[in-house]
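A.B. asks: Starting off with a structure, shown below.
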Amino acid sequence: MEHFFKLIGSNMSDTGAVAPEIMVVATFLMAMIFDFALSHNHRQSTGWLCVTGLVMALWLNMKVNHGFFSGGAGTREAFSGMIVSDFYGSAFKTILLVGTIVSVIMAIHAKELHGKNHGEFYLLLISVCLGGMFLCSATNLLMIYLSLEALSVVSYAMAGYLRRDRKSAEAGIKYVIYGAMASGIMIYGMSYLYGITGTLNLYGAEGEPGVARLILAFKTGEVPAAGVIAVLAMVFSGFLYKIAAAPFHYWAPDVYEGSPTTAAGFFSVVPKAAGFAALIRTAFAFFPPHASAESLIKTPGVEHVVMFLSVLTMLIGNLAALGQTNAKRMLAYSSIAHAGYMLAGLTVLQGSDPLHPTDGTAPILFYLGAYLLMNLGAFLVLVAMENIFGGTDLRHLRGAIRREPVLGTALIIFLFSLTGLPPLAGFMGKWFIMVELGKSAHYGMIVWIGLNSVISLYYYMRIAKAVAIDTPDEGNEPKGRTPFSYNFLAVAQSLALLALFVFSEPVMNACRKAFAGLGN
């Protein structure tokens, strides 16, 4: 009994480490009650309540990790080592919270959601964000799995939210089927991992290797190489599915096209960022960059596997996007390609600098921040265009810049940044990844990223041509006006992309500090 009360006391003292998550839960509960109390015509107020709560959670996220922009306050384990509060997790949570705030504002004025229990959609967005935040902090494979499932199950409901729309219903069903398959494979691998190592903790106590005991068991001959490969493949399959990387990418195009446009933009950023946070943390647990090569690891084989997945993901995403005529589906394939660019950063598991071995993968965080602004910005404009012109096919976007000059110009800026053209943050994201690849002599990967960027230029410019050059179709008259919040967000995100280009080095230094504690 004494141990029980001691454990309760310990858990209560750890609640400060999850203050942002508690704020998100409080926002969810208040919004649910508020939505029930309001009449149908005033439910947009629920959205603004959610925005307010998420902004407070964002502030708490920075406050929990004191000195956020100067490098954080170190690492703090919580809840018996199930999660950890550190600068790395806080940085990824910032991306999740900002992405959710923008998505809620998008949903407030999205016509396709009106009249369909609009308030419930805000709650689904917040729920996915909460699952992603725990995923960013989880240091136990069971906690990782539960967080991933909490994030995924709510996403299925979002994909099929437009129940009377055939494509939306199809998107929900496909998302469930692919998600269940990836989830089952992942938990099966975790069960084998526990049987071999006797632990689910990423990091062991007092310098013990944690789940990396699997690698030690291989080095001592207790487990054959085939067993190690099978376990690692099953465990990491769930992360590859969540970030829409090959060969677990098949769900993305149909799900993005069938989902509400707001949900598609949200899927392209928030779950992907959470998936990368967990993937990188888990990869560094299995292959710690701070460990001596003699005692634990040699990573070239692992890096080659990641390199192959990166190359395959980039190629599939960009080539498949070339033939699309729907901008939403085109951006879905683009999202797959960008997962490949970010995976390229993970090919440098141990950086070239032995004093800062995690610096090689730090550009992934910078890239995700830029990707949040440019990709969610593109979907923001698509939501507005869908409100005005009734669709997201290229024919609906023809001549849009003449009718909506602010949104049309912003969309072109977002597309330039997605291509990787200066002077925008998308260019710097690819540049930092290629610099680290060059330091590790992965010159082929640099060439491959360049070639894929050239391929992507074609389909991005197809959208830009439709918006800026093509003549509008007769009869496709605009319906309604664009709300101020859409124009404000489009301009703000465009300026942020330019600012990230100008101040890229200080931001990149903060990303390196966020990664510095991994693998300790």
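Residue numbering restarts at 1 for every chain of the structure tokens, chains are lettered A, B, ... in their displayed order, and ligands are numbered from 1 as they appear.
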At a cut-off of 10 Å, using only C-alpha atoms, what residues contact Ile455 (chain A)? Leave out same-chain residues fewer than 3 positions from it and give the result as a PyMOL selection string.

C.D. replies: chain A and resi 315+318-319+321-322+419+449-452+458-460

A.B. asks: What does the file look like for those residues with C-alpha atoms, as a short mmCIF file (atom, residue, chain, number, x, y, z; two decimals), in the first residue's frame?

C.D. replies:
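What follows is the written file result.cif:
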data_model
loop_
_atom_site.label_atom_id
_atom_site.label_comp_id
_atom_site.auth_asym_id
_atom_site.auth_seq_id
_atom_site.Cartn_x
_atom_site.Cartn_y
_atom_site.Cartn_z
CA LEU A 315 10.14 8.67 -56.98
CA ASN A 318 6.58 12.74 -57.78
CA LEU A 319 5.92 10.48 -60.77
CA ALA A 321 1.60 13.38 -59.17
CA LEU A 322 2.44 14.21 -62.79
CA THR A 419 9.35 22.96 -55.15
CA ILE A 449 16.82 15.14 -54.40
CA GLY A 450 17.74 17.66 -57.11
CA LEU A 451 16.26 15.52 -59.89
CA ASN A 452 13.05 14.94 -57.97
CA TYR A 458 6.25 20.46 -63.51
CA TYR A 459 3.14 19.54 -61.57
CA TYR A 460 3.40 22.41 -59.10
#

A.B. asks: Within 12 Å of Ile177 (chain A), counting only C-alpha atoms, which residues show up once you throw out same-chain ones fewer than 2 positions away? Write them as a list in words, please.

C.D. replies: Ser152, Val153, Tyr156, Glu170, Ala171, Gly172, Ile173, Lys174, Tyr175, Gly179, Ala180, Met181, Ala182, Ser183, Gly184, Tyr241, Tyr250, Trp251 and Val255 of chain A

A.B. asks: So that I have them on file, write out the residues from the current selection with N, CA and C atoms, as a PDB file, in the first residue's frame.

C.D. replies:
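File written: out_10.pdb
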ATOM      1  N   SER A 152      -4.641   7.655 -34.748  1.00  0.00           N
ATOM      2  CA  SER A 152      -5.135   7.036 -35.981  1.00  0.00           C
ATOM      3  C   SER A 152      -6.642   6.834 -35.980  1.00  0.00           C
ATOM      4  N   VAL A 153      -7.185   6.312 -34.866  1.00  0.00           N
ATOM      5  CA  VAL A 153      -8.613   5.975 -34.835  1.00  0.00           C
ATOM      6  C   VAL A 153      -9.464   7.223 -35.066  1.00  0.00           C
ATOM      7  N   TYR A 156      -9.500   8.223 -38.713  1.00  0.00           N
ATOM      8  CA  TYR A 156     -10.431   7.467 -39.557  1.00  0.00           C
ATOM      9  C   TYR A 156     -11.797   8.152 -39.596  1.00  0.00           C
ATOM     10  N   GLU A 170     -15.592   6.115 -48.776  1.00  0.00           N
ATOM     11  CA  GLU A 170     -14.526   5.237 -49.282  1.00  0.00           C
ATOM     12  C   GLU A 170     -13.192   5.561 -48.621  1.00  0.00           C
ATOM     13  N   ALA A 171     -12.911   6.865 -48.435  1.00  0.00           N
ATOM     14  CA  ALA A 171     -11.667   7.283 -47.790  1.00  0.00           C
ATOM     15  C   ALA A 171     -11.580   6.738 -46.373  1.00  0.00           C
ATOM     16  N   GLY A 172     -12.696   6.833 -45.628  1.00  0.00           N
ATOM     17  CA  GLY A 172     -12.700   6.324 -44.261  1.00  0.00           C
ATOM     18  C   GLY A 172     -12.456   4.834 -44.196  1.00  0.00           C
ATOM     19  N   ILE A 173     -13.109   4.075 -45.088  1.00  0.00           N
ATOM     20  CA  ILE A 173     -12.950   2.613 -45.090  1.00  0.00           C
ATOM     21  C   ILE A 173     -11.515   2.224 -45.459  1.00  0.00           C
ATOM     22  N   LYS A 174     -10.966   2.865 -46.485  1.00  0.00           N
ATOM     23  CA  LYS A 174      -9.591   2.538 -46.893  1.00  0.00           C
ATOM     24  C   LYS A 174      -8.587   2.896 -45.802  1.00  0.00           C
ATOM     25  N   TYR A 175      -8.832   4.015 -45.154  1.00  0.00           N
ATOM     26  CA  TYR A 175      -7.925   4.433 -44.079  1.00  0.00           C
ATOM     27  C   TYR A 175      -7.940   3.404 -42.943  1.00  0.00           C
ATOM     28  N   GLY A 179      -4.765   1.177 -42.080  1.00  0.00           N
ATOM     29  CA  GLY A 179      -4.290   1.469 -40.736  1.00  0.00           C
ATOM     30  C   GLY A 179      -4.289   0.239 -39.849  1.00  0.00           C
ATOM     31  N   ALA A 180      -5.338  -0.580 -39.943  1.00  0.00           N
ATOM     32  CA  ALA A 180      -5.407  -1.798 -39.135  1.00  0.00           C
ATOM     33  C   ALA A 180      -4.294  -2.762 -39.512  1.00  0.00           C
ATOM     34  N   MET A 181      -3.994  -2.853 -40.804  1.00  0.00           N
ATOM     35  CA  MET A 181      -2.919  -3.734 -41.249  1.00  0.00           C
ATOM     36  C   MET A 181      -1.569  -3.287 -40.679  1.00  0.00           C
ATOM     37  N   ALA A 182      -1.264  -1.991 -40.841  1.00  0.00           N
ATOM     38  CA  ALA A 182       0.015  -1.474 -40.336  1.00  0.00           C
ATOM     39  C   ALA A 182       0.091  -1.587 -38.818  1.00  0.00           C
ATOM     40  N   SER A 183      -1.012  -1.311 -38.139  1.00  0.00           N
ATOM     41  CA  SER A 183      -1.046  -1.386 -36.680  1.00  0.00           C
ATOM     42  C   SER A 183      -0.824  -2.822 -36.200  1.00  0.00           C
ATOM     43  N   GLY A 184      -1.477  -3.778 -36.861  1.00  0.00           N
ATOM     44  CA  GLY A 184      -1.317  -5.177 -36.467  1.00  0.00           C
ATOM     45  C   GLY A 184       0.111  -5.663 -36.646  1.00  0.00           C
ATOM     46  N   TYR A 241       3.942   3.943 -42.183  1.00  0.00           N
ATOM     47  CA  TYR A 241       2.540   4.125 -42.580  1.00  0.00           C
ATOM     48  C   TYR A 241       2.063   5.519 -42.197  1.00  0.00           C
ATOM     49  N   TYR A 250       0.042   3.724 -49.941  1.00  0.00           N
ATOM     50  CA  TYR A 250      -1.089   3.552 -50.858  1.00  0.00           C
ATOM     51  C   TYR A 250      -2.372   4.210 -50.373  1.00  0.00           C
ATOM     52  N   TRP A 251      -2.509   4.377 -49.075  1.00  0.00           N
ATOM     53  CA  TRP A 251      -3.732   4.961 -48.534  1.00  0.00           C
ATOM     54  C   TRP A 251      -3.861   6.448 -48.819  1.00  0.00           C
ATOM     55  N   VAL A 255      -7.405   8.691 -49.618  1.00  0.00           N
ATOM     56  CA  VAL A 255      -7.874   9.270 -48.354  1.00  0.00           C
ATOM     57  C   VAL A 255      -7.867  10.791 -48.424  1.00  0.00           C
TER      58      VAL A 255
END

A.B. asks: So which residues of region 187-296 of chain A fall under alpha helix (DSSP H) by DSSP, listed as a PyMOL selection string?

C.D. replies: chain A and resi 187-197+213-219+225-242+251-258+261-286

A.B. asks: Quote the spacing between CA of Ile413 (chain A) and CA of Val128 (chain A) in Å to one decimal place.

C.D. replies: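 Between CA of Ile413 (chain A) and CA of Val128 (chain A) the gap works out to 28.5 Å.
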
A.B. asks: Counting only C-alpha atoms, what is within 7 Å of Gly210 (chain A), bar same-chain residues fewer than 3 positions away, as a PyMOL selection string?

C.D. replies: chain A and resi 199+201-204+213

A.B. asks: Could you tell me how far CA of Asp165 (chain A) lies from CA of Ser127 (chain A), in Å and to one decimal?

C.D. replies: 23.3 Å

A.B. asks: Which residues are close to Met434 (chain A), i.e. within 9 Å by only C-alpha atoms, leaving aside same-chain residues fewer than 5 positions away? Reply as a list in words.

C.D. replies: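 Near neighbours after the sequence-gap exclusion: Ala344, Gly345, Gly429, Lys439, His442, Tyr443, Met445, Ile446 and Ile449 of chain A.
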
A.B. asks: Keeping only C-alpha atoms, write the selected residues to a file as a CSV table (one decimal), in the first residue's frame.

C.D. replies:
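Saved the output as part33.csv:
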chain,number,residue,atom,x,y,z
A,344,ALA,CA,16.8,11.4,-46.8
A,345,GLY,CA,17.8,13.3,-43.6
A,429,GLY,CA,14.9,22.8,-45.8
A,439,LYS,CA,29.3,15.8,-45.2
A,442,HIS,CA,26.0,10.6,-49.8
A,443,TYR,CA,26.4,12.5,-53.1
A,445,MET,CA,21.2,11.2,-52.6
A,446,ILE,CA,21.9,14.9,-53.3
A,449,ILE,CA,16.8,15.1,-54.4

A.B. asks: Can you pull out every residue within 8 Å of Leu394 (chain A), counting only C-alpha atoms, but drop anything in the same chain fewer than 2 positions away, and send it as a PyMOL selection string?

C.D. replies: chain A and resi 325-327+392+396-398+463+466

A.B. asks: Restricting it to N, CA and C atoms, dump the selection as a tab-separated table (two decimals), in the first residue's frame.

C.D. replies:
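Dumped everything to selection.tsv:
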chain	number	residue	atom	x	y	z
A	325	THR	N	-5.18	15.62	-62.14
A	325	THR	CA	-5.90	16.83	-62.53
A	325	THR	C	-6.64	17.46	-61.35
A	326	ASN	N	-6.62	16.79	-60.21
A	326	ASN	CA	-7.24	17.33	-59.00
A	326	ASN	C	-6.13	17.83	-58.09
A	327	ALA	N	-6.20	19.10	-57.70
A	327	ALA	CA	-5.11	19.70	-56.91
A	327	ALA	C	-4.95	19.01	-55.57
A	392	THR	N	-11.86	21.46	-56.33
A	392	THR	CA	-10.40	21.62	-56.29
A	392	THR	C	-9.73	21.05	-57.54
A	396	HIS	N	-11.41	24.22	-61.85
A	396	HIS	CA	-12.04	25.15	-60.92
A	396	HIS	C	-11.10	26.30	-60.54
A	397	LEU	N	-9.80	26.06	-60.68
A	397	LEU	CA	-8.82	27.06	-60.24
A	397	LEU	C	-8.41	28.01	-61.34
A	398	ARG	N	-8.90	27.80	-62.57
A	398	ARG	CA	-8.47	28.64	-63.69
A	398	ARG	C	-8.81	30.11	-63.46
A	463	ILE	N	-0.46	23.76	-61.44
A	463	ILE	CA	-1.43	24.45	-60.57
A	463	ILE	C	-1.25	25.96	-60.69
A	466	ALA	N	-2.70	27.26	-63.93
A	466	ALA	CA	-4.16	27.33	-63.89
A	466	ALA	C	-4.63	28.54	-63.11

A.B. asks: Hey, which of A:Ile401, A:Leu232, A:Leu343, A:Leu500 ends up closest to Asp470 (chain A)? Count only C-alpha atoms.

C.D. replies: A:Ile401

A.B. asks: Just checking: using only C-alpha atoms, which residue out of A:Tyr486, A:His109, A:Ser90, A:Ser494 ends up closest to Leu60 (chain A)?

C.D. replies: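 Of A:Tyr486, A:His109, A:Ser90, A:Ser494, the one nearest Leu60 (chain A) is A:Ser90, counting only C-alpha atoms.
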
A.B. asks: CA of Pro271 (chain A) to CA of Ile388 (chain A): how many Å, to one decimal?

C.D. replies: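 If I compute the distance from CA of Pro271 (chain A) to CA of Ile388 (chain A), I get 28.1 Å.
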
A.B. asks: Find, counting only C-alpha atoms, the residue in A:Ala370, A:Ala252, A:Asp359, A:Val311 that gets nearest to Val447 (chain A).

C.D. replies: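 Of A:Ala370, A:Ala252, A:Asp359, A:Val311, the one nearest Val447 (chain A) is A:Val311, counting only C-alpha atoms.
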
A.B. asks: Find the spatial neighbours of Tyr145 (chain A), counting only C-alpha atoms, within a cut-off of 12 Å - ignore same-chain residues fewer than 3 positions away - and output them as a PyMOL selection string.

C.D. replies: chain A and resi 82+131-132+134-136+138-142+148-153+182-191+200+235-239+242+275+278-279+282
